[in-house]
Amino acid sequence: MKPIKHAEIVDELNRLMAEEMEAFLRYFQLRHRLRGTERLAADKFFETAMQETLEHAEAIAKHIRILGETPRINVNVEAGGGPLSLKDALNEALVFEQQALEAYRDMLPRVAGEPGLEDFIRKQIATETEHVQEITILLE
Amino acid sequence: MTDTWKEFEANEVTHSVAHHLVAIHEVGREYGGWARVSDIARWLGITRGSVSINLRNIKTRGLVIEDEHRQVKLSEEGLKIAQAIMAKKAAVKAFLRDVINVPEEQAEIDSCKVEHLISHSTGENLLRFITFLTSDNPAAREALSQFRKFEDR
C-alpha cells in the first residue's frame with residue numbers, strides 16, 4: 001500500500017474519528033437497551049467504553065489539528081430497537097469494535113514514517129485489539 | 001387510497017438496505033462481486049461500523065453472503081433486488097431528465113429517493129413509456145416537441 005498525501009491522511013483521520021464518535025453513540029444507546037441485573041452488571045463496562053471512544057476521538061482530533069486542519073464530523077447514526085440482552089449488545093459492540101480495529105490496521109502502512117502519527121496508530125491498534133479480545137472473552 | 005402509505009411497509013427493502021445492496025453491487029463489479037466493508041463505507045459515505053451493523057440485518061435476510069475475510073457478495077436474491085432497484089432508478093432518472101427536463105443532478109437525487117418505493121410493474125410501465133416517448137415514432141416525437149414548446153411559453 002502506497003503512502004498517502006497530507007489531504008488523504010486528514011480524510012482518513014476524519015473517518016477514524018467518525019468511527020469512534022459513532023461507537024460512542026452506539027455504546028450510549030446499547031447501554032440504555034439493557035434491563036434489570038444485566039444493566040447493573042454491564043453498566044461500568046459500557047460507561048468505560050463510552051469514555052474511551054470519546055478519548056480516542058479527541059486524540060484523533062488533536063492529530064488533525066497538528067496537521068494544521070480542523071476536524072470534520074460526518075456522523076450518520078440511527079440506532080433504535082427495544083430492550084436487548086447483554087449477549088446481543090456485546091455482539092453488536094464486537095461488530096463495530098472489529099471495524100474500528102481494521103480501520104486502524106489499514107491506516108498503519110499508509111502512515112509509515114509519519115512523525116507521531118505512526119506511533120499513535122500503533123497504540124490504537126493495541127488498544128482496539130484489547131477491546132475486541134475483552135468483548136470476545138465476555139461472549140465466551 | 002388512504003392506505004397507500006402502508007404499502008411502503010410491504011416493500012422488499014428499506015431505503016438504507018436498497019443503498020447497501022446497490023453499493024455492494026457497484027463496489028464488487030471489479031472483484032467478481034465481492035466487496036470489502038471499507039469500500040462499501042467509502043462508497044456510501046458512512047462509517048465501517050454502520051455498514052457492518054446494517055449488513056447484519058441484510059445477511060440475516062439472506063440478501064448477501066460473507067466469506068472468511070468478511071468480504072460480502074450479493075446472494076441470488078440480493079442481486080435480483082439490486083438489479084431491480086437500479087433499473088427503476090434508471091427509468092425514473094431518464095423520465096425526469098429526458099422527458100420533463102429536470103437537471104441531471106436533481107434527477108439523480110430524486111430518482112434515488114424513489115427507486116425502491118415504486119413497484120416493479122410501475123417501473124416497467126414507466127420504462128415502456130420513456131422508450132416510446134424517446135423513440136422515432138412520429139406521434140411520440142410530436143408529443144415531446146409540443147411539450148417542449150409548451151414548457152417554453
# chains A, B, ... in the order shown; residues from 1 in each chain; ligands from 1

$ interface_residues --of "chain A" --to "chain B" --cutoff "9 Å" --atoms "only C-alpha atoms" --output "VMD selection string"
chain A and resid 15 to 16 18 to 19 22 to 23 74 to 77 92 95 to 100 102 to 103

$ write_last_selection --atoms "C-alpha atoms" --output "mmCIF file, in the first residue's frame"
data_model
loop_
_atom_site.group_PDB
_atom_site.id
_atom_site.type_symbol
_atom_site.label_atom_id
_atom_site.label_comp_id
_atom_site.auth_asym_id
_atom_site.auth_seq_id
_atom_site.Cartn_x
_atom_site.Cartn_y
_atom_site.Cartn_z
ATOM 1 C CA ARG A 15 -13.103 8.833 9.063
ATOM 2 C CA LEU A 16 -11.413 7.211 12.074
ATOM 3 C CA ALA A 18 -16.267 9.319 12.927
ATOM 4 C CA GLU A 19 -15.867 5.591 13.714
ATOM 5 C CA GLU A 22 -20.332 6.577 16.258
ATOM 6 C CA ALA A 23 -19.045 3.880 18.590
ATOM 7 C CA ASN A 74 -19.591 13.249 9.349
ATOM 8 C CA VAL A 75 -21.665 11.001 11.565
ATOM 9 C CA ASN A 76 -24.864 9.376 10.418
ATOM 10 C CA VAL A 77 -26.294 7.073 13.063
ATOM 11 C CA GLU A 92 -23.199 -5.653 18.335
ATOM 12 C CA VAL A 95 -19.053 -5.776 15.212
ATOM 13 C CA PHE A 96 -18.174 -2.075 15.370
ATOM 14 C CA GLU A 97 -15.061 -2.579 17.527
ATOM 15 C CA GLN A 98 -13.711 -5.040 14.932
ATOM 16 C CA GLN A 99 -14.331 -2.492 12.206
ATOM 17 C CA ALA A 100 -12.520 0.207 14.195
ATOM 18 C CA GLU A 102 -9.474 -2.962 10.930
ATOM 19 C CA ALA A 103 -9.689 0.735 10.078
#

$ residues_around --residues "Thr122 (chain B)" --least-positions-apart "4" --cutoff "12 Å" --atoms "only C-alpha atoms" --output "PyMOL selection string"
chain B and resi 84+87-89+91-92+114-118+126-129

$ atom_distance --atom1 "CA of Asn14 (chain A)" --atom2 "CA of Ile121 (chain A)"
13.5 Å

$ atom_distance --atom1 "CA of Ser145 (chain B)" --atom2 "CA of Ala107 (chain B)"
20.6 Å

$ select_by_dssp --residues "region 113-150 of chain B" --states "alpha helix (DSSP H)" --output "list of chain:residue names"
B:Lys113, B:Val114, B:His120, B:Ser121, B:Thr122, B:Gly123, B:Glu124, B:Asn125, B:Leu126, B:Leu127, B:Arg128, B:Phe129, B:Ile130, B:Thr131, B:Phe132, B:Leu133, B:Pro138, B:Ala139, B:Ala140, B:Arg141, B:Glu142, B:Ala143, B:Leu144, B:Ser145, B:Gln146, B:Phe147, B:Arg148, B:Lys149, B:Phe150

$ atom_distance --atom1 "CA of Ser16 (chain B)" --atom2 "CA of Asn54 (chain B)"
8.2 Å

$ decode --residues "region 50-64 of chain B" --atoms "all heavy atoms" --output "JSON list (two decimals), in the first residue's frame"
[["chain", "number", "residue", "atom", "x", "y", "z"],
["B", 50, "SER", "N", -21.11, 1.43, 10.84],
["B", 50, "SER", "CA", -22.51, 1.48, 10.40],
["B", 50, "SER", "C", -22.78, 0.42, 9.34],
["B", 50, "SER", "O", -23.80, -0.26, 9.37],
["B", 50, "SER", "CB", -22.84, 2.86, 9.83],
["B", 50, "SER", "OG", -23.09, 3.75, 10.87],
["B", 51, "VAL", "N", -21.84, 0.30, 8.40],
["B", 51, "VAL", "CA", -22.03, -0.69, 7.33],
["B", 51, "VAL", "C", -22.13, -2.09, 7.94],
["B", 51, "VAL", "O", -23.02, -2.87, 7.59],
["B", 51, "VAL", "CB", -20.87, -0.63, 6.30],
["B", 51, "VAL", "CG1", -20.94, -1.81, 5.32],
["B", 51, "VAL", "CG2", -20.91, 0.67, 5.52],
["B", 52, "SER", "N", -21.23, -2.40, 8.86],
["B", 52, "SER", "CA", -21.22, -3.73, 9.48],
["B", 52, "SER", "C", -22.51, -4.02, 10.24],
["B", 52, "SER", "O", -23.04, -5.12, 10.16],
["B", 52, "SER", "CB", -20.04, -3.87, 10.44],
["B", 52, "SER", "OG", -18.88, -3.89, 9.71],
["B", 53, "ILE", "N", -22.98, -3.01, 10.97],
["B", 53, "ILE", "CA", -24.23, -3.19, 11.72],
["B", 53, "ILE", "C", -25.39, -3.42, 10.73],
["B", 53, "ILE", "O", -26.21, -4.33, 10.91],
["B", 53, "ILE", "CB", -24.52, -1.94, 12.60],
["B", 53, "ILE", "CG1", -23.42, -1.76, 13.65],
["B", 53, "ILE", "CG2", -25.90, -2.02, 13.24],
["B", 53, "ILE", "CD1", -23.43, -2.74, 14.80],
["B", 54, "ASN", "N", -25.43, -2.61, 9.68],
["B", 54, "ASN", "CA", -26.52, -2.74, 8.70],
["B", 54, "ASN", "C", -26.43, -4.08, 7.96],
["B", 54, "ASN", "O", -27.45, -4.69, 7.64],
["B", 54, "ASN", "CB", -26.48, -1.59, 7.70],
["B", 54, "ASN", "CG", -26.73, -0.25, 8.35],
["B", 54, "ASN", "OD1", -27.36, -0.19, 9.40],
["B", 54, "ASN", "ND2", -26.22, 0.81, 7.77],
["B", 55, "LEU", "N", -25.20, -4.52, 7.71],
["B", 55, "LEU", "CA", -25.03, -5.79, 6.97],
["B", 55, "LEU", "C", -25.55, -6.99, 7.77],
["B", 55, "LEU", "O", -25.95, -7.99, 7.19],
["B", 55, "LEU", "CB", -23.56, -6.00, 6.62],
["B", 55, "LEU", "CG", -23.04, -5.24, 5.40],
["B", 55, "LEU", "CD1", -21.54, -5.51, 5.21],
["B", 55, "LEU", "CD2", -23.79, -5.64, 4.14],
["B", 56, "ARG", "N", -25.52, -6.87, 9.10],
["B", 56, "ARG", "CA", -26.01, -7.99, 9.92],
["B", 56, "ARG", "C", -27.46, -8.31, 9.57],
["B", 56, "ARG", "O", -27.85, -9.45, 9.39],
["B", 56, "ARG", "CB", -25.91, -7.63, 11.42],
["B", 56, "ARG", "CG", -24.51, -7.59, 11.92],
["B", 56, "ARG", "CD", -24.39, -7.82, 13.38],
["B", 56, "ARG", "NE", -25.39, -7.09, 14.17],
["B", 56, "ARG", "CZ", -25.61, -7.31, 15.45],
["B", 56, "ARG", "NH1", -24.93, -8.24, 16.07],
["B", 56, "ARG", "NH2", -26.51, -6.63, 16.12],
["B", 57, "ASN", "N", -28.26, -7.26, 9.47],
["B", 57, "ASN", "CA", -29.68, -7.42, 9.13],
["B", 57, "ASN", "C", -29.82, -7.95, 7.69],
["B", 57, "ASN", "O", -30.62, -8.84, 7.43],
["B", 57, "ASN", "CB", -30.36, -6.05, 9.32],
["B", 57, "ASN", "CG", -31.69, -5.95, 8.62],
["B", 57, "ASN", "OD1", -32.46, -6.91, 8.61],
["B", 57, "ASN", "ND2", -31.97, -4.81, 8.04],
["B", 58, "ILE", "N", -29.02, -7.42, 6.80],
["B", 58, "ILE", "CA", -29.11, -7.82, 5.38],
["B", 58, "ILE", "C", -28.68, -9.29, 5.22],
["B", 58, "ILE", "O", -29.26, -10.03, 4.43],
["B", 58, "ILE", "CB", -28.25, -6.86, 4.51],
["B", 58, "ILE", "CG1", -28.78, -5.43, 4.65],
["B", 58, "ILE", "CG2", -28.26, -7.29, 3.05],
["B", 58, "ILE", "CD1", -27.91, -4.36, 4.01],
["B", 59, "LYS", "N", -27.67, -9.69, 6.01],
["B", 59, "LYS", "CA", -27.21, -11.10, 5.96],
["B", 59, "LYS", "C", -28.29, -12.02, 6.49],
["B", 59, "LYS", "O", -28.54, -13.08, 5.93],
["B", 59, "LYS", "CB", -25.93, -11.26, 6.81],
["B", 59, "LYS", "CG", -24.66, -10.96, 6.03],
["B", 59, "LYS", "CD", -23.44, -11.26, 6.86],
["B", 59, "LYS", "CE", -23.03, -10.05, 7.66],
["B", 59, "LYS", "NZ", -21.88, -10.21, 8.52],
["B", 60, "THR", "N", -28.92, -11.59, 7.59],
["B", 60, "THR", "CA", -29.99, -12.40, 8.19],
["B", 60, "THR", "C", -31.10, -12.65, 7.18],
["B", 60, "THR", "O", -31.70, -13.73, 7.16],
["B", 60, "THR", "CB", -30.56, -11.68, 9.43],
["B", 60, "THR", "OG1", -29.48, -11.34, 10.29],
["B", 60, "THR", "CG2", -31.55, -12.53, 10.18],
["B", 61, "ARG", "N", -31.35, -11.68, 6.34],
["B", 61, "ARG", "CA", -32.41, -11.82, 5.34],
["B", 61, "ARG", "C", -31.97, -12.61, 4.11],
["B", 61, "ARG", "O", -32.74, -12.79, 3.18],
["B", 61, "ARG", "CB", -32.90, -10.43, 4.92],
["B", 61, "ARG", "CG", -33.63, -9.71, 6.02],
["B", 61, "ARG", "CD", -34.11, -8.36, 5.60],
["B", 61, "ARG", "NE", -35.00, -8.43, 4.43],
["B", 61, "ARG", "CZ", -35.51, -7.37, 3.83],
["B", 61, "ARG", "NH1", -35.23, -6.17, 4.27],
["B", 61, "ARG", "NH2", -36.30, -7.50, 2.79],
["B", 62, "GLY", "N", -30.70, -13.03, 4.14],
["B", 62, "GLY", "CA", -30.20, -13.85, 3.04],
["B", 62, "GLY", "C", -29.93, -13.09, 1.76],
["B", 62, "GLY", "O", -29.86, -13.69, 0.68],
["B", 63, "LEU", "N", -29.74, -11.78, 1.88],
["B", 63, "LEU", "CA", -29.53, -10.98, 0.67],
["B", 63, "LEU", "C", -28.04, -10.86, 0.32],
["B", 63, "LEU", "O", -27.71, -10.47, -0.80],
["B", 63, "LEU", "CB", -30.14, -9.58, 0.84],
["B", 63, "LEU", "CG", -31.65, -9.55, 1.13],
["B", 63, "LEU", "CD1", -32.16, -8.12, 1.30],
["B", 63, "LEU", "CD2", -32.42, -10.26, 0.01],
["B", 64, "VAL", "N", -27.17, -11.15, 1.27],
["B", 64, "VAL", "CA", -25.73, -11.17, 0.99],
["B", 64, "VAL", "C", -25.09, -12.40, 1.63],
["B", 64, "VAL", "O", -25.62, -12.96, 2.59],
["B", 64, "VAL", "CB", -24.98, -9.90, 1.50],
["B", 64, "VAL", "CG1", -25.45, -8.65, 0.81],
["B", 64, "VAL", "CG2", -25.09, -9.76, 2.99]]
